[in-house]
>>> print(open('run.tsv').read())   # TSV, N, CA and C atoms
chain	number	residue	atom	x	y	z
A	1	MET	N	-5.60	-1.47	-42.69
A	1	MET	CA	-7.02	-1.28	-42.48
A	1	MET	C	-7.22	-0.66	-41.10
A	2	SER	N	-7.82	0.49	-41.07
A	2	SER	CA	-8.06	1.20	-39.83
A	2	SER	C	-9.53	1.06	-39.45
A	3	THR	N	-9.76	0.65	-38.18
A	3	THR	CA	-11.14	0.51	-37.72
A	3	THR	C	-11.33	1.40	-36.52
A	4	PRO	N	-12.56	1.85	-36.31
A	4	PRO	CA	-12.80	2.67	-35.13
A	4	PRO	C	-12.54	1.87	-33.85
A	5	PRO	N	-12.01	2.51	-32.80
A	5	PRO	CA	-11.69	1.77	-31.57
A	5	PRO	C	-12.91	1.22	-30.85
A	6	THR	N	-14.08	1.74	-31.15
A	6	THR	CA	-15.29	1.26	-30.46
A	6	THR	C	-15.95	0.11	-31.20
A	7	MET	N	-15.40	-0.32	-32.32
A	7	MET	CA	-15.98	-1.41	-33.09
A	7	MET	C	-15.78	-2.73	-32.34
A	8	SER	N	-16.82	-3.56	-32.30
A	8	SER	CA	-16.73	-4.82	-31.58
A	8	SER	C	-15.87	-5.82	-32.34
A	9	LEU	N	-15.41	-6.84	-31.66
A	9	LEU	CA	-14.58	-7.88	-32.27
A	9	LEU	C	-15.35	-8.61	-33.36
A	10	THR	N	-16.61	-8.86	-33.12
A	10	THR	CA	-17.44	-9.56	-34.12
A	10	THR	C	-17.54	-8.73	-35.39
A	11	ALA	N	-17.73	-7.42	-35.23
A	11	ALA	CA	-17.83	-6.54	-36.40
A	11	ALA	C	-16.50	-6.52	-37.16
A	12	LYS	N	-15.39	-6.55	-36.44
A	12	LYS	CA	-14.09	-6.57	-37.09
A	12	LYS	C	-13.88	-7.87	-37.87
A	13	ILE	N	-14.30	-8.98	-37.30
A	13	ILE	CA	-14.18	-10.28	-37.99
A	13	ILE	C	-15.05	-10.29	-39.23
A	14	ASP	N	-16.27	-9.75	-39.13
A	14	ASP	CA	-17.16	-9.67	-40.29
A	14	ASP	C	-16.54	-8.81	-41.39
A	15	LEU	N	-15.87	-7.73	-41.00
A	15	LEU	CA	-15.21	-6.86	-41.96
A	15	LEU	C	-14.06	-7.59	-42.67
A	16	LEU	N	-13.32	-8.40	-41.90
A	16	LEU	CA	-12.24	-9.19	-42.51
A	16	LEU	C	-12.81	-10.22	-43.49
A	17	ARG	N	-13.94	-10.80	-43.16
A	17	ARG	CA	-14.57	-11.77	-44.07
A	17	ARG	C	-15.02	-11.07	-45.35
A	18	LYS	N	-15.55	-9.85	-45.23
A	18	LYS	CA	-15.98	-9.10	-46.40
A	18	LYS	C	-14.78	-8.75	-47.30
A	19	LYS	N	-13.60	-8.60	-46.68
A	19	LYS	CA	-12.40	-8.30	-47.45
A	19	LYS	C	-11.86	-9.53	-48.18
A	20	GLY	N	-12.43	-10.69	-47.89
A	20	GLY	CA	-12.05	-11.90	-48.61
A	20	GLY	C	-11.14	-12.83	-47.85
A	21	LEU	N	-10.93	-12.61	-46.58
A	21	LEU	CA	-10.08	-13.51	-45.79
A	21	LEU	C	-10.87	-14.74	-45.36
A	22	SER	N	-10.21	-15.88	-45.36
A	22	SER	CA	-10.87	-17.12	-44.92
A	22	SER	C	-10.82	-17.21	-43.39
A	23	ASP	N	-11.60	-18.15	-42.85
A	23	ASP	CA	-11.61	-18.34	-41.40
A	23	ASP	C	-10.24	-18.75	-40.87
A	24	ASP	N	-9.50	-19.54	-41.63
A	24	ASP	CA	-8.15	-19.94	-41.21
A	24	ASP	C	-7.21	-18.73	-41.14
A	25	GLU	N	-7.33	-17.85	-42.13
A	25	GLU	CA	-6.49	-16.65	-42.12
A	25	GLU	C	-6.85	-15.72	-40.95
A	26	ILE	N	-8.12	-15.61	-40.66
A	26	ILE	CA	-8.57	-14.79	-39.52
A	26	ILE	C	-8.07	-15.40	-38.22
A	27	ASP	N	-8.13	-16.74	-38.10
A	27	ASP	CA	-7.61	-17.41	-36.90
A	27	ASP	C	-6.12	-17.14	-36.73
A	28	GLN	N	-5.37	-17.16	-37.83
A	28	GLN	CA	-3.93	-16.88	-37.76
A	28	GLN	C	-3.68	-15.44	-37.31
A	29	LEU	N	-4.49	-14.52	-37.81
A	29	LEU	CA	-4.34	-13.12	-37.39
A	29	LEU	C	-4.63	-12.95	-35.90
A	30	LEU	N	-5.65	-13.62	-35.45
A	30	LEU	CA	-6.01	-13.51	-34.04
A	30	LEU	C	-4.99	-14.18	-33.13
A	31	ALA	N	-4.31	-15.20	-33.63
A	31	ALA	CA	-3.33	-15.91	-32.82
A	31	ALA	C	-1.97	-15.22	-32.83
A	32	SER	N	-1.74	-14.31	-33.76
A	32	SER	CA	-0.42	-13.68	-33.84
A	32	SER	C	-0.23	-12.70	-32.69
A	33	PRO	N	1.03	-12.53	-32.22
A	33	PRO	CA	1.28	-11.63	-31.10
A	33	PRO	C	1.01	-10.17	-31.43
A	34	ALA	N	1.04	-9.80	-32.70
A	34	ALA	CA	0.81	-8.41	-33.09
A	34	ALA	C	-0.64	-7.99	-32.84
A	35	SER	N	-1.55	-8.95	-32.87
A	35	SER	CA	-2.95	-8.59	-32.71
A	35	SER	C	-3.37	-8.46	-31.25
A	36	SER	N	-2.55	-9.00	-30.35
A	36	SER	CA	-2.94	-8.90	-28.94
A	36	SER	C	-2.63	-7.52	-28.41
A	37	GLU	N	-3.57	-6.97	-27.67
A	37	GLU	CA	-3.40	-5.64	-27.11
A	37	GLU	C	-2.78	-5.76	-25.73
A	38	SER	N	-1.91	-4.81	-25.42
A	38	SER	CA	-1.29	-4.83	-24.10
A	38	SER	C	-2.30	-4.37	-23.06
A	39	VAL	N	-2.30	-5.04	-21.94
A	39	VAL	CA	-3.21	-4.71	-20.86
A	39	VAL	C	-2.49	-3.78	-19.91
A	40	LYS	N	-3.06	-2.64	-19.69
A	40	LYS	CA	-2.44	-1.67	-18.78
A	40	LYS	C	-2.69	-2.09	-17.34
A	41	ALA	N	-1.69	-1.84	-16.49
A	41	ALA	CA	-1.84	-2.14	-15.08
A	41	ALA	C	-2.79	-1.11	-14.46
A	42	SER	N	-3.49	-1.56	-13.47
A	42	SER	CA	-4.39	-0.67	-12.76
A	42	SER	C	-3.58	0.45	-12.10
A	43	PRO	N	-4.02	1.70	-12.21
A	43	PRO	CA	-3.26	2.78	-11.57
A	43	PRO	C	-3.35	2.73	-10.06
A	44	PHE	N	-4.20	1.87	-9.53
A	44	PHE	CA	-4.35	1.78	-8.09
A	44	PHE	C	-3.52	0.65	-7.49
A	45	ASN	N	-2.77	-0.07	-8.32
A	45	ASN	CA	-1.92	-1.16	-7.86
A	45	ASN	C	-0.57	-0.57	-7.48
A	46	MET	N	-0.27	-0.48	-6.19
A	46	MET	CA	0.95	0.18	-5.71
A	46	MET	C	2.20	-0.49	-6.25
A	47	ALA	N	2.22	-1.79	-6.35
A	47	ALA	CA	3.41	-2.49	-6.82
A	47	ALA	C	3.70	-2.13	-8.27
A	48	GLU	N	2.68	-1.97	-9.09
A	48	GLU	CA	2.91	-1.60	-10.47
A	48	GLU	C	3.30	-0.14	-10.60
A	49	MET	N	2.76	0.73	-9.75
A	49	MET	CA	3.11	2.14	-9.82
A	49	MET	C	4.57	2.35	-9.45
A	50	VAL	N	5.02	1.70	-8.40
A	50	VAL	CA	6.38	1.89	-7.92
A	50	VAL	C	7.36	1.11	-8.78
A	51	ASN	N	7.10	-0.17	-8.99
A	51	ASN	CA	7.93	-1.03	-9.81
A	51	ASN	C	9.40	-0.83	-9.52
A	52	ASN	N	9.81	-1.14	-8.31
A	52	ASN	CA	11.20	-0.92	-7.92
A	52	ASN	C	12.09	-2.11	-8.25
A	53	GLY	N	11.61	-3.06	-8.98
A	53	GLY	CA	12.43	-4.17	-9.43
A	53	GLY	C	12.56	-5.30	-8.43
A	54	SER	N	11.86	-5.25	-7.32
A	54	SER	CA	11.96	-6.32	-6.33
A	54	SER	C	11.04	-7.47	-6.71
A	55	SER	N	11.39	-8.63	-6.19
A	55	SER	CA	10.56	-9.81	-6.45
A	55	SER	C	9.28	-9.72	-5.63
A	56	ILE	N	8.33	-10.56	-5.99
A	56	ILE	CA	7.05	-10.57	-5.27
A	56	ILE	C	7.27	-10.95	-3.81
A	57	GLU	N	8.15	-11.92	-3.57
A	57	GLU	CA	8.41	-12.36	-2.19
A	57	GLU	C	9.02	-11.23	-1.36
A	58	GLU	N	9.99	-10.51	-1.94
A	58	GLU	CA	10.62	-9.40	-1.23
A	58	GLU	C	9.61	-8.29	-0.98
A	59	TRP	N	8.80	-8.01	-1.98
A	59	TRP	CA	7.78	-6.97	-1.83
A	59	TRP	C	6.83	-7.34	-0.70
A	60	ASN	N	6.31	-8.58	-0.70
A	60	ASN	CA	5.38	-9.00	0.34
A	60	ASN	C	6.03	-8.99	1.72
A	61	LYS	N	7.31	-9.38	1.79
A	61	LYS	CA	8.04	-9.35	3.07
A	61	LYS	C	8.13	-7.92	3.59
A	62	GLN	N	8.45	-6.98	2.71
A	62	GLN	CA	8.57	-5.59	3.13
A	62	GLN	C	7.20	-5.02	3.56
A	63	VAL	N	6.15	-5.41	2.86
A	63	VAL	CA	4.81	-4.96	3.25
A	63	VAL	C	4.46	-5.49	4.63
A	64	ASP	N	4.75	-6.77	4.89
A	64	ASP	CA	4.45	-7.36	6.20
A	64	ASP	C	5.26	-6.69	7.30
A	65	GLU	N	6.54	-6.44	7.05
A	65	GLU	CA	7.38	-5.78	8.06
A	65	GLU	C	6.90	-4.36	8.34
A	66	THR	N	6.49	-3.65	7.30
A	66	THR	CA	5.99	-2.29	7.47
A	66	THR	C	4.69	-2.29	8.26
A	67	GLU	N	3.83	-3.24	7.96
A	67	GLU	CA	2.57	-3.35	8.70
A	67	GLU	C	2.84	-3.65	10.18
A	68	LYS	N	3.77	-4.56	10.45
A	68	LYS	CA	4.10	-4.91	11.83
A	68	LYS	C	4.69	-3.71	12.58
A	69	LEU	N	5.56	-2.95	11.90
A	69	LEU	CA	6.13	-1.75	12.50
A	69	LEU	C	5.04	-0.74	12.83
A	70	TYR	N	4.12	-0.54	11.91
A	70	TYR	CA	3.01	0.40	12.13
A	70	TYR	C	2.15	-0.04	13.32
A	71	ILE	N	1.80	-1.32	13.35
A	71	ILE	CA	0.95	-1.82	14.43
A	71	ILE	C	1.63	-1.67	15.78
A	72	ASN	N	2.92	-2.04	15.86
A	72	ASN	CA	3.64	-1.94	17.13
A	72	ASN	C	3.78	-0.49	17.58
A	73	THR	N	4.14	0.39	16.67
A	73	THR	CA	4.31	1.79	17.02
A	73	THR	C	3.01	2.40	17.52
A	74	GLU	N	1.95	2.17	16.78
A	74	GLU	CA	0.68	2.77	17.17
A	74	GLU	C	0.09	2.11	18.41
A	75	ALA	N	0.34	0.83	18.62
A	75	ALA	CA	-0.16	0.16	19.82
A	75	ALA	C	0.49	0.75	21.07
A	76	PHE	N	1.80	0.97	21.03
A	76	PHE	CA	2.47	1.57	22.18
A	76	PHE	C	2.00	3.01	22.40
A	77	SER	N	1.80	3.75	21.32
A	77	SER	CA	1.31	5.12	21.46
A	77	SER	C	-0.07	5.15	22.11
A	78	VAL	N	-0.96	4.28	21.64
A	78	VAL	CA	-2.31	4.22	22.21
A	78	VAL	C	-2.25	3.78	23.68
A	79	LEU	N	-1.36	2.83	24.00
A	79	LEU	CA	-1.21	2.37	25.38
A	79	LEU	C	-0.83	3.53	26.30
A	80	PHE	N	0.17	4.31	25.90
A	80	PHE	CA	0.62	5.41	26.75
A	80	PHE	C	-0.40	6.53	26.83
A	81	ILE	N	-1.10	6.80	25.76
A	81	ILE	CA	-2.17	7.81	25.80
A	81	ILE	C	-3.30	7.32	26.70
A	82	GLY	N	-3.61	6.04	26.63
A	82	GLY	CA	-4.64	5.47	27.51
A	82	GLY	C	-4.24	5.56	28.97
A	83	MET	N	-2.96	5.30	29.25
A	83	MET	CA	-2.48	5.41	30.64
A	83	MET	C	-2.62	6.85	31.14
A	84	ALA	N	-2.30	7.84	30.28
A	84	ALA	CA	-2.45	9.25	30.67
A	84	ALA	C	-3.91	9.58	30.94
A	85	MET	N	-4.81	9.03	30.12
A	85	MET	CA	-6.24	9.28	30.34
A	85	MET	C	-6.71	8.67	31.66
A	86	ILE	N	-6.26	7.45	31.95
A	86	ILE	CA	-6.65	6.79	33.21
A	86	ILE	C	-6.12	7.58	34.40
A	87	ILE	N	-4.88	8.04	34.31
A	87	ILE	CA	-4.30	8.84	35.40
A	87	ILE	C	-5.14	10.10	35.63
A	88	ASN	N	-5.54	10.77	34.53
A	88	ASN	CA	-6.33	11.98	34.67
A	88	ASN	C	-7.73	11.69	35.21
A	89	ILE	N	-8.32	10.58	34.83
A	89	ILE	CA	-9.64	10.21	35.37
A	89	ILE	C	-9.53	9.94	36.87
A	90	LEU	N	-8.49	9.22	37.26
A	90	LEU	CA	-8.28	8.96	38.70
A	90	LEU	C	-8.05	10.27	39.46
A	91	ASN	N	-7.39	11.22	38.81
A	91	ASN	CA	-7.17	12.52	39.45
A	91	ASN	C	-8.49	13.26	39.63
A	92	PHE	N	-9.35	13.26	38.60
A	92	PHE	CA	-10.63	13.96	38.69
A	92	PHE	C	-11.55	13.32	39.73
A	93	LYS	N	-11.43	12.00	39.92
A	93	LYS	CA	-12.25	11.30	40.91
A	93	LYS	C	-11.72	11.50	42.33
A	94	GLY	N	-10.50	12.00	42.45
A	94	GLY	CA	-9.94	12.29	43.76
A	94	GLY	C	-9.03	11.20	44.30
A	95	TYR	N	-8.68	10.20	43.48
A	95	TYR	CA	-7.84	9.10	43.96
A	95	TYR	C	-6.34	9.44	43.88
A	96	LEU	N	-5.96	10.40	43.06
A	96	LEU	CA	-4.56	10.79	42.92
A	96	LEU	C	-4.43	12.29	43.16
A	97	SER	N	-3.25	12.69	43.62
A	97	SER	CA	-3.01	14.12	43.82
A	97	SER	C	-2.72	14.78	42.48
A	98	ASP	N	-2.83	16.10	42.46
A	98	ASP	CA	-2.59	16.85	41.22
A	98	ASP	C	-1.15	16.70	40.74
A	99	ILE	N	-0.22	16.72	41.64
A	99	ILE	CA	1.20	16.62	41.25
A	99	ILE	C	1.49	15.25	40.66
A	100	LEU	N	0.98	14.21	41.28
A	100	LEU	CA	1.21	12.85	40.78
A	100	LEU	C	0.55	12.66	39.42
A	101	ALA	N	-0.66	13.17	39.25
A	101	ALA	CA	-1.37	13.04	37.97
A	101	ALA	C	-0.66	13.82	36.87
A	102	THR	N	-0.21	15.02	37.19
A	102	THR	CA	0.50	15.83	36.19
A	102	THR	C	1.81	15.17	35.79
A	103	THR	N	2.54	14.67	36.77
A	103	THR	CA	3.81	13.99	36.49
A	103	THR	C	3.57	12.74	35.65
A	104	GLY	N	2.59	11.95	36.02
A	104	GLY	CA	2.28	10.74	35.27
A	104	GLY	C	1.85	11.03	33.84
A	105	SER	N	1.04	12.07	33.67
A	105	SER	CA	0.59	12.44	32.32
A	105	SER	C	1.76	12.92	31.47
A	106	ILE	N	2.63	13.72	32.04
A	106	ILE	CA	3.80	14.21	31.30
A	106	ILE	C	4.70	13.05	30.90
A	107	ILE	N	4.90	12.10	31.80
A	107	ILE	CA	5.72	10.93	31.48
A	107	ILE	C	5.10	10.13	30.35
A	108	CYS	N	3.79	9.93	30.40
A	108	CYS	CA	3.11	9.16	29.35
A	108	CYS	C	3.21	9.86	28.00
A	109	ILE	N	3.01	11.17	27.98
A	109	ILE	CA	3.10	11.91	26.72
A	109	ILE	C	4.54	11.89	26.21
A	110	ALA	N	5.52	11.96	27.10
A	110	ALA	CA	6.93	11.87	26.69
A	110	ALA	C	7.23	10.49	26.11
A	111	LEU	N	6.63	9.45	26.68
A	111	LEU	CA	6.83	8.10	26.15
A	111	LEU	C	6.21	7.96	24.75
A	112	VAL	N	5.07	8.59	24.53
A	112	VAL	CA	4.47	8.58	23.19
A	112	VAL	C	5.42	9.25	22.20
A	113	ALA	N	5.98	10.39	22.60
A	113	ALA	CA	6.92	11.10	21.72
A	113	ALA	C	8.15	10.25	21.45
A	114	LEU	N	8.67	9.56	22.46
A	114	LEU	CA	9.84	8.70	22.27
A	114	LEU	C	9.55	7.54	21.31
A	115	VAL	N	8.39	6.94	21.46
A	115	VAL	CA	8.02	5.85	20.56
A	115	VAL	C	7.99	6.35	19.12
A	116	GLN	N	7.39	7.52	18.92
A	116	GLN	CA	7.31	8.07	17.57
A	116	GLN	C	8.70	8.45	17.03
A	117	VAL	N	9.54	9.02	17.88
A	117	VAL	CA	10.88	9.44	17.45
A	117	VAL	C	11.74	8.23	17.10
A	118	PHE	N	11.67	7.17	17.89
A	118	PHE	CA	12.50	5.99	17.61
A	118	PHE	C	11.99	5.17	16.43
A	119	SER	N	10.71	5.27	16.13
A	119	SER	CA	10.20	4.51	14.99
A	119	SER	C	10.33	5.29	13.68
A	120	ALA	N	10.55	6.59	13.74
A	120	ALA	CA	10.65	7.41	12.52
A	120	ALA	C	11.78	6.96	11.59
A	121	PRO	N	13.00	6.66	12.07
A	121	PRO	CA	14.03	6.19	11.14
A	121	PRO	C	13.68	4.87	10.47
A	122	LYS	N	13.00	4.00	11.20
A	122	LYS	CA	12.58	2.73	10.61
A	122	LYS	C	11.55	2.96	9.51
A	123	TYR	N	10.61	3.88	9.77
A	123	TYR	CA	9.63	4.24	8.75
A	123	TYR	C	10.32	4.81	7.52
A	124	ARG	N	11.35	5.60	7.75
A	124	ARG	CA	12.09	6.23	6.64
A	124	ARG	C	12.71	5.16	5.75
A	125	GLU	N	13.29	4.13	6.35
A	125	GLU	CA	13.89	3.05	5.57
A	125	GLU	C	12.83	2.29	4.77
A	126	LYS	N	11.69	2.07	5.38
A	126	LYS	CA	10.61	1.37	4.68
A	126	LYS	C	10.10	2.19	3.51
A	127	ILE	N	9.98	3.49	3.71
A	127	ILE	CA	9.50	4.37	2.64
A	127	ILE	C	10.49	4.36	1.49
A	128	LYS	N	11.78	4.33	1.80
A	128	LYS	CA	12.79	4.27	0.75
A	128	LYS	C	12.60	3.04	-0.13
A	129	PHE	N	12.28	1.90	0.48
A	129	PHE	CA	12.08	0.69	-0.30
A	129	PHE	C	10.92	0.85	-1.26
A	130	PHE	N	9.83	1.44	-0.78
A	130	PHE	CA	8.63	1.53	-1.60
A	130	PHE	C	8.70	2.65	-2.64
A	131	ILE	N	9.44	3.69	-2.38
A	131	ILE	CA	9.42	4.85	-3.26
A	131	ILE	C	10.67	4.95	-4.13
A	132	LYS	N	11.83	4.69	-3.58
A	132	LYS	CA	13.08	4.91	-4.30
A	132	LYS	C	13.25	3.90	-5.42
A	133	LYS	N	13.59	4.39	-6.60
A	133	LYS	CA	13.85	3.51	-7.74
A	133	LYS	C	15.24	2.92	-7.56
A	134	ARG	N	15.36	1.64	-7.86
A	134	ARG	CA	16.65	0.98	-7.68
A	134	ARG	C	17.34	0.83	-8.99
>>> encode(input="run.tsv", output="structure tokens")
Amino acid sequence: MSTPPTMSLTAKIDLLRKKGLSDDEIDQLLASPASSESVKASPFNMAEMVNNGSSIEEWNKQVDETEKLYINTEAFSVLFIGMAMIINILNFKGYLSDILATTGSIICIALVALVQVFSAPKYREKIKFFIKKR
């Protein structure tokens, strides 16, 4: 028996009753595993999209470690960029010489680059966990 996919459950039960099935038979049909429809995972659930076979605990641990790595990397980058901005503000106000301000700014920008370069391999390993199929 083929029914339109937009037909409500009540209409389907009424149709089964019209075909001569008793309430007990309808209950048995509804309780059977063949009648249950599979629920699709949300396409926005990253764990279901990747499905790399890891346990929930391992997945959550990796998410926490990745978040901590991101926070630490970006915090140090913001710190060094802020220091460069403060050095330049002090230079514009006349408290530091041009050579000292330029040297300090270059050092701060180099430190930002170093933080990003040293965290890149760690990010690569984390990305492998989330993307690579095992």
>>> closest_residue(input="run.tsv", among="A:Asn72, A:Asn88, A:Thr66, A:Ser77", to="A:Leu111", atoms="only N, CA and C atoms")
A:Ser77
>>> atom_distance(input="run.tsv", atom1="atom C of A:Ile81", atom2="atom N of A:Val112")
8.7 Å
>>> residues_around(input="run.tsv", residues="A:Ile109", least_positions_apart="4", cutoff="9 Å", atoms="only C-alpha atoms", output="MDAnalysis selection string")
chainID A and resid 77 80:81 84 104:105 113:114
>>> atom_distance(input="run.tsv", atom1="atom N of A:Gln116", atom2="atom CA of A:Thr73")
6.8 Å
>>> atom_distance(input="run.tsv", atom1="atom CA of A:Pro121", atom2="atom CA of A:Val78")
19.8 Å
>>> closest_residue(input="run.tsv", among="A:Tyr70, A:Val63, A:Glu58, A:Met83", to="A:Cys108", atoms="all atoms listed in the file")
A:Met83
>>> closest_residue(input="run.tsv", among="A:Leu69, A:Ile13, A:Leu21, A:Met7", to="A:Ser119", atoms="only N, CA and C atoms")
A:Leu69
>>> build_atoms(input="run.tsv", residues="stretch 108-117 of chain A", atoms="all heavy atoms", output="PDB file, in the frame of the given file")
ATOM      1  N   CYS A 108       3.790   9.930  30.400  1.00  0.00           N
ATOM      2  CA  CYS A 108       3.110   9.160  29.350  1.00  0.00           C
ATOM      3  C   CYS A 108       3.210   9.860  28.000  1.00  0.00           C
ATOM      4  O   CYS A 108       3.480   9.211  26.976  1.00  0.00           O
ATOM      5  CB  CYS A 108       1.649   8.928  29.720  1.00  0.00           C
ATOM      6  SG  CYS A 108       1.425   7.714  31.043  1.00  0.00           S
ATOM      7  N   ILE A 109       3.010  11.170  27.980  1.00  0.00           N
ATOM      8  CA  ILE A 109       3.100  11.910  26.720  1.00  0.00           C
ATOM      9  C   ILE A 109       4.540  11.890  26.210  1.00  0.00           C
ATOM     10  O   ILE A 109       4.786  11.771  25.000  1.00  0.00           O
ATOM     11  CB  ILE A 109       2.587  13.355  26.892  1.00  0.00           C
ATOM     12  CG1 ILE A 109       1.120  13.356  27.328  1.00  0.00           C
ATOM     13  CG2 ILE A 109       2.793  14.176  25.633  1.00  0.00           C
ATOM     14  CD1 ILE A 109       0.178  12.628  26.401  1.00  0.00           C
ATOM     15  N   ALA A 110       5.520  11.960  27.100  1.00  0.00           N
ATOM     16  CA  ALA A 110       6.930  11.870  26.690  1.00  0.00           C
ATOM     17  C   ALA A 110       7.230  10.490  26.110  1.00  0.00           C
ATOM     18  O   ALA A 110       7.983  10.375  25.129  1.00  0.00           O
ATOM     19  CB  ALA A 110       7.839  12.157  27.883  1.00  0.00           C
ATOM     20  N   LEU A 111       6.630   9.450  26.680  1.00  0.00           N
ATOM     21  CA  LEU A 111       6.830   8.100  26.150  1.00  0.00           C
ATOM     22  C   LEU A 111       6.210   7.960  24.750  1.00  0.00           C
ATOM     23  O   LEU A 111       6.789   7.296  23.880  1.00  0.00           O
ATOM     24  CB  LEU A 111       6.241   7.062  27.103  1.00  0.00           C
ATOM     25  CG  LEU A 111       7.034   6.843  28.402  1.00  0.00           C
ATOM     26  CD1 LEU A 111       6.259   5.935  29.356  1.00  0.00           C
ATOM     27  CD2 LEU A 111       8.399   6.269  28.101  1.00  0.00           C
ATOM     28  N   VAL A 112       5.070   8.590  24.530  1.00  0.00           N
ATOM     29  CA  VAL A 112       4.470   8.580  23.190  1.00  0.00           C
ATOM     30  C   VAL A 112       5.420   9.250  22.200  1.00  0.00           C
ATOM     31  O   VAL A 112       5.666   8.739  21.101  1.00  0.00           O
ATOM     32  CB  VAL A 112       3.097   9.291  23.183  1.00  0.00           C
ATOM     33  CG1 VAL A 112       2.599   9.524  21.761  1.00  0.00           C
ATOM     34  CG2 VAL A 112       2.078   8.495  23.971  1.00  0.00           C
ATOM     35  N   ALA A 113       5.980  10.390  22.600  1.00  0.00           N
ATOM     36  CA  ALA A 113       6.920  11.100  21.720  1.00  0.00           C
ATOM     37  C   ALA A 113       8.150  10.250  21.450  1.00  0.00           C
ATOM     38  O   ALA A 113       8.637  10.196  20.307  1.00  0.00           O
ATOM     39  CB  ALA A 113       7.316  12.440  22.351  1.00  0.00           C
ATOM     40  N   LEU A 114       8.670   9.560  22.460  1.00  0.00           N
ATOM     41  CA  LEU A 114       9.840   8.700  22.270  1.00  0.00           C
ATOM     42  C   LEU A 114       9.550   7.540  21.310  1.00  0.00           C
ATOM     43  O   LEU A 114      10.385   7.195  20.475  1.00  0.00           O
ATOM     44  CB  LEU A 114      10.341   8.172  23.616  1.00  0.00           C
ATOM     45  CG  LEU A 114      11.097   9.175  24.490  1.00  0.00           C
ATOM     46  CD1 LEU A 114      11.392   8.559  25.854  1.00  0.00           C
ATOM     47  CD2 LEU A 114      12.376   9.610  23.809  1.00  0.00           C
ATOM     48  N   VAL A 115       8.390   6.940  21.460  1.00  0.00           N
ATOM     49  CA  VAL A 115       8.020   5.850  20.560  1.00  0.00           C
ATOM     50  C   VAL A 115       7.990   6.350  19.120  1.00  0.00           C
ATOM     51  O   VAL A 115       8.518   5.706  18.211  1.00  0.00           O
ATOM     52  CB  VAL A 115       6.642   5.249  20.964  1.00  0.00           C
ATOM     53  CG1 VAL A 115       6.077   4.369  19.862  1.00  0.00           C
ATOM     54  CG2 VAL A 115       6.764   4.459  22.253  1.00  0.00           C
ATOM     55  N   GLN A 116       7.390   7.520  18.920  1.00  0.00           N
ATOM     56  CA  GLN A 116       7.310   8.070  17.570  1.00  0.00           C
ATOM     57  C   GLN A 116       8.700   8.450  17.030  1.00  0.00           C
ATOM     58  O   GLN A 116       9.007   8.206  15.867  1.00  0.00           O
ATOM     59  CB  GLN A 116       6.383   9.294  17.534  1.00  0.00           C
ATOM     60  CG  GLN A 116       4.940   8.979  17.845  1.00  0.00           C
ATOM     61  CD  GLN A 116       4.308   8.033  16.843  1.00  0.00           C
ATOM     62  OE1 GLN A 116       4.580   8.102  15.653  1.00  0.00           O
ATOM     63  NE2 GLN A 116       3.452   7.142  17.320  1.00  0.00           N
ATOM     64  N   VAL A 117       9.540   9.020  17.880  1.00  0.00           N
ATOM     65  CA  VAL A 117      10.880   9.440  17.450  1.00  0.00           C
ATOM     66  C   VAL A 117      11.740   8.230  17.100  1.00  0.00           C
ATOM     67  O   VAL A 117      12.470   8.231  16.105  1.00  0.00           O
ATOM     68  CB  VAL A 117      11.553  10.299  18.539  1.00  0.00           C
ATOM     69  CG1 VAL A 117      13.040  10.442  18.301  1.00  0.00           C
ATOM     70  CG2 VAL A 117      10.894  11.667  18.596  1.00  0.00           C
TER      71      VAL A 117
END
